[in-house]
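Participant: Pasting entry_25.cif below, which is mmCIF, N, CA and C atoms.
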```
data_model
#
loop_
_atom_site.label_atom_id
_atom_site.label_comp_id
_atom_site.auth_asym_id
_atom_site.auth_seq_id
_atom_site.Cartn_x
_atom_site.Cartn_y
_atom_site.Cartn_z
N MET A 177 128.05 115.19 97.68
CA MET A 177 127.32 114.63 98.81
C MET A 177 126.21 115.57 99.25
N VAL A 178 126.52 116.85 99.39
CA VAL A 178 125.52 117.81 99.84
C VAL A 178 124.39 117.94 98.83
N SER A 179 124.72 117.92 97.55
CA SER A 179 123.67 118.06 96.54
C SER A 179 122.75 116.84 96.54
N THR A 180 123.29 115.66 96.83
CA THR A 180 122.47 114.45 96.90
C THR A 180 121.50 114.53 98.06
N VAL A 181 121.98 114.98 99.22
CA VAL A 181 121.13 115.11 100.40
C VAL A 181 120.06 116.17 100.16
N THR A 182 120.45 117.29 99.58
CA THR A 182 119.49 118.36 99.30
C THR A 182 118.44 117.89 98.29
N SER A 183 118.88 117.19 97.26
CA SER A 183 117.95 116.67 96.26
C SER A 183 116.97 115.67 96.88
N THR A 184 117.47 114.80 97.73
CA THR A 184 116.61 113.81 98.40
C THR A 184 115.62 114.49 99.32
N THR A 185 116.07 115.50 100.04
CA THR A 185 115.19 116.24 100.95
C THR A 185 114.07 116.94 100.18
N VAL A 186 114.43 117.59 99.10
CA VAL A 186 113.41 118.29 98.29
C VAL A 186 112.42 117.29 97.71
N THR A 187 112.90 116.16 97.24
CA THR A 187 112.01 115.13 96.70
C THR A 187 111.07 114.60 97.77
N THR A 188 111.57 114.36 98.97
CA THR A 188 110.75 113.84 100.05
C THR A 188 109.67 114.85 100.46
N VAL A 189 110.05 116.11 100.59
CA VAL A 189 109.08 117.14 100.98
C VAL A 189 108.01 117.27 99.91
N THR A 190 108.41 117.25 98.65
CA THR A 190 107.44 117.35 97.57
C THR A 190 106.51 116.15 97.56
N LEU A 191 107.07 114.97 97.77
CA LEU A 191 106.26 113.75 97.76
C LEU A 191 105.23 113.77 98.89
N PHE A 192 105.64 114.17 100.09
CA PHE A 192 104.69 114.21 101.19
C PHE A 192 103.64 115.28 100.99
N GLY A 193 103.98 116.38 100.33
CA GLY A 193 103.00 117.41 100.03
C GLY A 193 101.93 116.91 99.07
N ILE A 194 102.37 116.16 98.07
CA ILE A 194 101.43 115.60 97.10
C ILE A 194 100.57 114.53 97.76
N THR A 195 101.17 113.74 98.63
CA THR A 195 100.43 112.70 99.33
C THR A 195 99.33 113.30 100.20
N ALA A 196 99.65 114.36 100.91
CA ALA A 196 98.64 115.02 101.75
C ALA A 196 97.52 115.60 100.90
N LEU A 197 97.88 116.19 99.77
CA LEU A 197 96.88 116.76 98.88
C LEU A 197 95.95 115.68 98.32
N LEU A 198 96.53 114.55 97.93
CA LEU A 198 95.71 113.44 97.43
C LEU A 198 94.83 112.85 98.52
N GLY A 199 95.33 112.81 99.74
CA GLY A 199 94.53 112.33 100.86
C GLY A 199 93.33 113.22 101.12
N ILE A 200 93.55 114.52 101.07
CA ILE A 200 92.45 115.47 101.27
C ILE A 200 91.43 115.33 100.14
N ALA A 201 91.92 115.19 98.92
CA ALA A 201 91.01 115.03 97.77
C ALA A 201 90.19 113.76 97.90
N ALA A 202 90.82 112.67 98.33
CA ALA A 202 90.09 111.40 98.49
C ALA A 202 89.04 111.51 99.59
N ALA A 203 89.38 112.18 100.69
CA ALA A 203 88.42 112.34 101.78
C ALA A 203 87.23 113.20 101.34
N LEU A 204 87.49 114.26 100.60
CA LEU A 204 86.40 115.11 100.12
C LEU A 204 85.52 114.38 99.11
N MET A 205 86.14 113.58 98.24
CA MET A 205 85.34 112.80 97.29
C MET A 205 84.48 111.78 98.02
N LEU A 206 85.04 111.14 99.05
CA LEU A 206 84.27 110.16 99.82
C LEU A 206 83.07 110.81 100.48
N ILE A 207 83.28 111.95 101.09
CA ILE A 207 82.18 112.67 101.74
C ILE A 207 81.11 113.05 100.72
N SER A 208 81.54 113.58 99.59
CA SER A 208 80.54 114.00 98.59
C SER A 208 79.78 112.80 98.02
N TYR A 209 80.47 111.68 97.77
CA TYR A 209 79.77 110.49 97.27
C TYR A 209 78.79 109.95 98.29
N LEU A 210 79.16 109.97 99.57
CA LEU A 210 78.24 109.49 100.60
C LEU A 210 77.01 110.38 100.71
N VAL A 211 77.20 111.68 100.58
CA VAL A 211 76.06 112.60 100.63
C VAL A 211 75.13 112.37 99.43
N VAL A 212 75.72 112.24 98.25
CA VAL A 212 74.91 112.00 97.04
C VAL A 212 74.18 110.66 97.15
N LYS A 213 74.86 109.64 97.67
CA LYS A 213 74.23 108.33 97.82
C LYS A 213 73.02 108.40 98.75
N GLU A 214 73.15 109.11 99.86
CA GLU A 214 72.02 109.25 100.78
C GLU A 214 70.87 110.02 100.15
N MET A 215 71.20 111.06 99.41
CA MET A 215 70.14 111.84 98.77
C MET A 215 69.41 111.02 97.70
N LEU A 216 70.17 110.24 96.93
CA LEU A 216 69.54 109.42 95.89
C LEU A 216 68.74 108.26 96.48
N SER A 217 69.23 107.70 97.57
CA SER A 217 68.50 106.57 98.16
C SER A 217 67.19 107.00 98.80
N ALA A 218 67.06 108.28 99.13
CA ALA A 218 65.82 108.79 99.70
C ALA A 218 64.78 109.12 98.62
N SER A 219 65.16 109.03 97.38
CA SER A 219 64.27 109.36 96.28
C SER A 219 63.21 108.28 96.09
N SER A 220 62.09 108.68 95.54
CA SER A 220 61.03 107.71 95.26
C SER A 220 61.21 107.05 93.90
N SER A 221 62.10 107.59 93.08
CA SER A 221 62.35 107.03 91.75
C SER A 221 63.22 105.78 91.84
N GLN A 222 62.77 104.74 91.18
CA GLN A 222 63.52 103.48 91.16
C GLN A 222 64.87 103.67 90.46
N ARG A 223 64.88 104.47 89.42
CA ARG A 223 66.12 104.71 88.66
C ARG A 223 67.17 105.40 89.52
N LEU A 224 66.77 106.39 90.31
CA LEU A 224 67.71 107.09 91.16
C LEU A 224 68.22 106.20 92.29
N ARG A 225 67.36 105.33 92.79
CA ARG A 225 67.81 104.38 93.82
C ARG A 225 68.81 103.38 93.25
N LEU A 226 68.66 103.02 91.99
CA LEU A 226 69.61 102.14 91.34
C LEU A 226 70.97 102.84 91.19
N VAL A 227 70.95 104.11 90.83
CA VAL A 227 72.19 104.89 90.75
C VAL A 227 72.85 104.96 92.13
N SER A 228 72.04 105.09 93.16
CA SER A 228 72.56 105.11 94.52
C SER A 228 73.30 103.82 94.86
N GLN A 229 72.75 102.70 94.44
CA GLN A 229 73.41 101.42 94.69
C GLN A 229 74.70 101.29 93.89
N ARG A 230 74.72 101.84 92.69
CA ARG A 230 75.91 101.76 91.83
C ARG A 230 77.05 102.63 92.35
N LEU A 231 76.74 103.59 93.18
CA LEU A 231 77.80 104.45 93.75
C LEU A 231 78.72 103.67 94.68
N ASN A 232 78.29 102.51 95.13
CA ASN A 232 79.14 101.69 95.99
C ASN A 232 80.44 101.32 95.30
N ALA A 233 80.43 101.23 93.98
CA ALA A 233 81.64 100.91 93.23
C ALA A 233 82.72 101.98 93.41
N ALA A 234 82.32 103.20 93.66
CA ALA A 234 83.28 104.28 93.91
C ALA A 234 83.53 104.48 95.40
N ILE A 235 82.55 104.19 96.22
CA ILE A 235 82.66 104.46 97.66
C ILE A 235 83.58 103.45 98.35
N VAL A 236 83.49 102.19 98.00
CA VAL A 236 84.28 101.16 98.69
C VAL A 236 85.79 101.40 98.54
N PRO A 237 86.31 101.65 97.34
CA PRO A 237 87.75 101.93 97.25
C PRO A 237 88.17 103.19 98.01
N LEU A 238 87.30 104.21 97.98
CA LEU A 238 87.63 105.42 98.72
C LEU A 238 87.61 105.17 100.23
N LEU A 239 86.75 104.29 100.70
CA LEU A 239 86.76 103.92 102.11
C LEU A 239 88.07 103.22 102.48
N LEU A 240 88.57 102.39 101.59
CA LEU A 240 89.85 101.72 101.84
C LEU A 240 91.00 102.73 101.88
N VAL A 241 90.99 103.70 100.98
CA VAL A 241 92.01 104.75 100.99
C VAL A 241 91.92 105.55 102.28
N PHE A 242 90.69 105.90 102.68
CA PHE A 242 90.50 106.67 103.91
C PHE A 242 90.98 105.88 105.13
N ALA A 243 90.67 104.60 105.19
CA ALA A 243 91.12 103.78 106.32
C ALA A 243 92.64 103.69 106.35
N THR A 244 93.27 103.60 105.19
CA THR A 244 94.73 103.58 105.13
C THR A 244 95.32 104.90 105.61
N LEU A 245 94.72 106.01 105.21
CA LEU A 245 95.21 107.32 105.65
C LEU A 245 95.07 107.48 107.16
N VAL A 246 93.93 107.08 107.69
CA VAL A 246 93.71 107.18 109.14
C VAL A 246 94.67 106.27 109.89
N GLY A 247 94.85 105.05 109.39
CA GLY A 247 95.79 104.13 110.03
C GLY A 247 97.21 104.66 110.01
N SER A 248 97.60 105.29 108.92
CA SER A 248 98.92 105.88 108.81
C SER A 248 99.11 107.02 109.81
N LYS A 249 98.10 107.86 109.94
CA LYS A 249 98.20 108.99 110.89
C LYS A 249 98.23 108.49 112.33
N VAL A 250 97.44 107.47 112.63
CA VAL A 250 97.44 106.90 113.98
C VAL A 250 98.81 106.28 114.28
N ALA A 251 99.38 105.60 113.31
CA ALA A 251 100.71 104.99 113.50
C ALA A 251 101.77 106.06 113.71
N ASP A 252 101.64 107.21 113.02
CA ASP A 252 102.59 108.31 113.23
C ASP A 252 102.48 108.89 114.63
N VAL A 253 101.25 109.01 115.11
CA VAL A 253 101.04 109.59 116.44
C VAL A 253 101.55 108.63 117.52
N LEU A 254 101.26 107.36 117.36
CA LEU A 254 101.65 106.39 118.39
C LEU A 254 103.12 106.00 118.32
N GLY A 255 103.70 106.08 117.15
CA GLY A 255 105.08 105.62 116.99
C GLY A 255 106.00 106.74 116.90
#
```
Please express the file's structure as structure tokens.

Facilitator:
Amino acid sequence: MVSTVTSTTVTTVTLFGITALLGIAAALMLISYLVVKEMLSASSSQRLRLVSQRLNAAIVPLLLVFATLVGSKVADVLG
């Protein structure tokens, strides 16, 4: 019984550590993509502006992940 509880506790702590790390990585990627998108959209080159528009394919899913992370943290604080 004790080994099962200890094993479950270790697994849970490890899982939450990995989740936090992935959340931080997703937030940093989102910030970097948004910065690159703004820099490319300010360019006078049509090709670079097209690349800026194509970055939305990566930004939208990361925005959804970020919104889920924020919603989860808000739910933890309120609940």

Participant: Please report the interatomic distance between atom C of Glu214 of chain A and atom N of Leu197 of chain A in Å with one decimal.

Facilitator: 27.7 Å

Participant: Could you state the separation of atom N of Leu245 of chain A and atom CA of Lys213 of chain A in Å, given to one decimal place?

Facilitator: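 Pair atom N of Leu245 of chain A / atom CA of Lys213 of chain A returns 21.9 Å.
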
Participant: Work out how far apart atom CA of Val212 of chain A and atom CA of Val241 of chain A are and give it in Å to one decimal.

Facilitator: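 Atom-to-atom, atom CA of Val212 of chain A to atom CA of Val241 of chain A, that is 19.0 Å.
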
Participant: At a cut-off of 7 Å around the point (77.6, 108.8, 95.7) (file coordinates), what residues fall inside when counting only N, CA and C atoms? I'd like the answer as a PyMOL selection string.

Facilitator: chain A and resi 208-214+228+231-232+235

Participant: Which residues, written as a PDB file with N, CA and C atoms, keeping the file's coordinate frame, have at least one atom at most 10 Å from Leu239 of chain A, with only C-alpha atoms counted and residues fewer than 5 positions away on the same chain left out?

Facilitator:
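Below is the file result.pdb, written as the result:
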```pdb
ATOM      1  N   ALA A 202      90.820 112.670  98.330  1.00  0.00           N
ATOM      2  CA  ALA A 202      90.090 111.400  98.490  1.00  0.00           C
ATOM      3  C   ALA A 202      89.040 111.510  99.590  1.00  0.00           C
ATOM      4  N   ALA A 203      89.380 112.180 100.690  1.00  0.00           N
ATOM      5  CA  ALA A 203      88.420 112.340 101.780  1.00  0.00           C
ATOM      6  C   ALA A 203      87.230 113.200 101.340  1.00  0.00           C
ATOM      7  N   LEU A 206      85.040 111.140  99.050  1.00  0.00           N
ATOM      8  CA  LEU A 206      84.270 110.160  99.820  1.00  0.00           C
ATOM      9  C   LEU A 206      83.070 110.810 100.480  1.00  0.00           C
ATOM     10  N   ILE A 207      83.280 111.950 101.090  1.00  0.00           N
ATOM     11  CA  ILE A 207      82.180 112.670 101.740  1.00  0.00           C
ATOM     12  C   ILE A 207      81.110 113.050 100.720  1.00  0.00           C
ATOM     13  N   ALA A 234      82.320 103.200  93.660  1.00  0.00           N
ATOM     14  CA  ALA A 234      83.280 104.280  93.910  1.00  0.00           C
ATOM     15  C   ALA A 234      83.530 104.480  95.400  1.00  0.00           C
ATOM     16  N   THR A 244      93.270 103.600 105.190  1.00  0.00           N
ATOM     17  CA  THR A 244      94.730 103.580 105.130  1.00  0.00           C
ATOM     18  C   THR A 244      95.320 104.900 105.610  1.00  0.00           C
ATOM     19  N   LEU A 245      94.720 106.010 105.210  1.00  0.00           N
ATOM     20  CA  LEU A 245      95.210 107.320 105.650  1.00  0.00           C
ATOM     21  C   LEU A 245      95.070 107.480 107.160  1.00  0.00           C
TER      22      LEU A 245
END
```
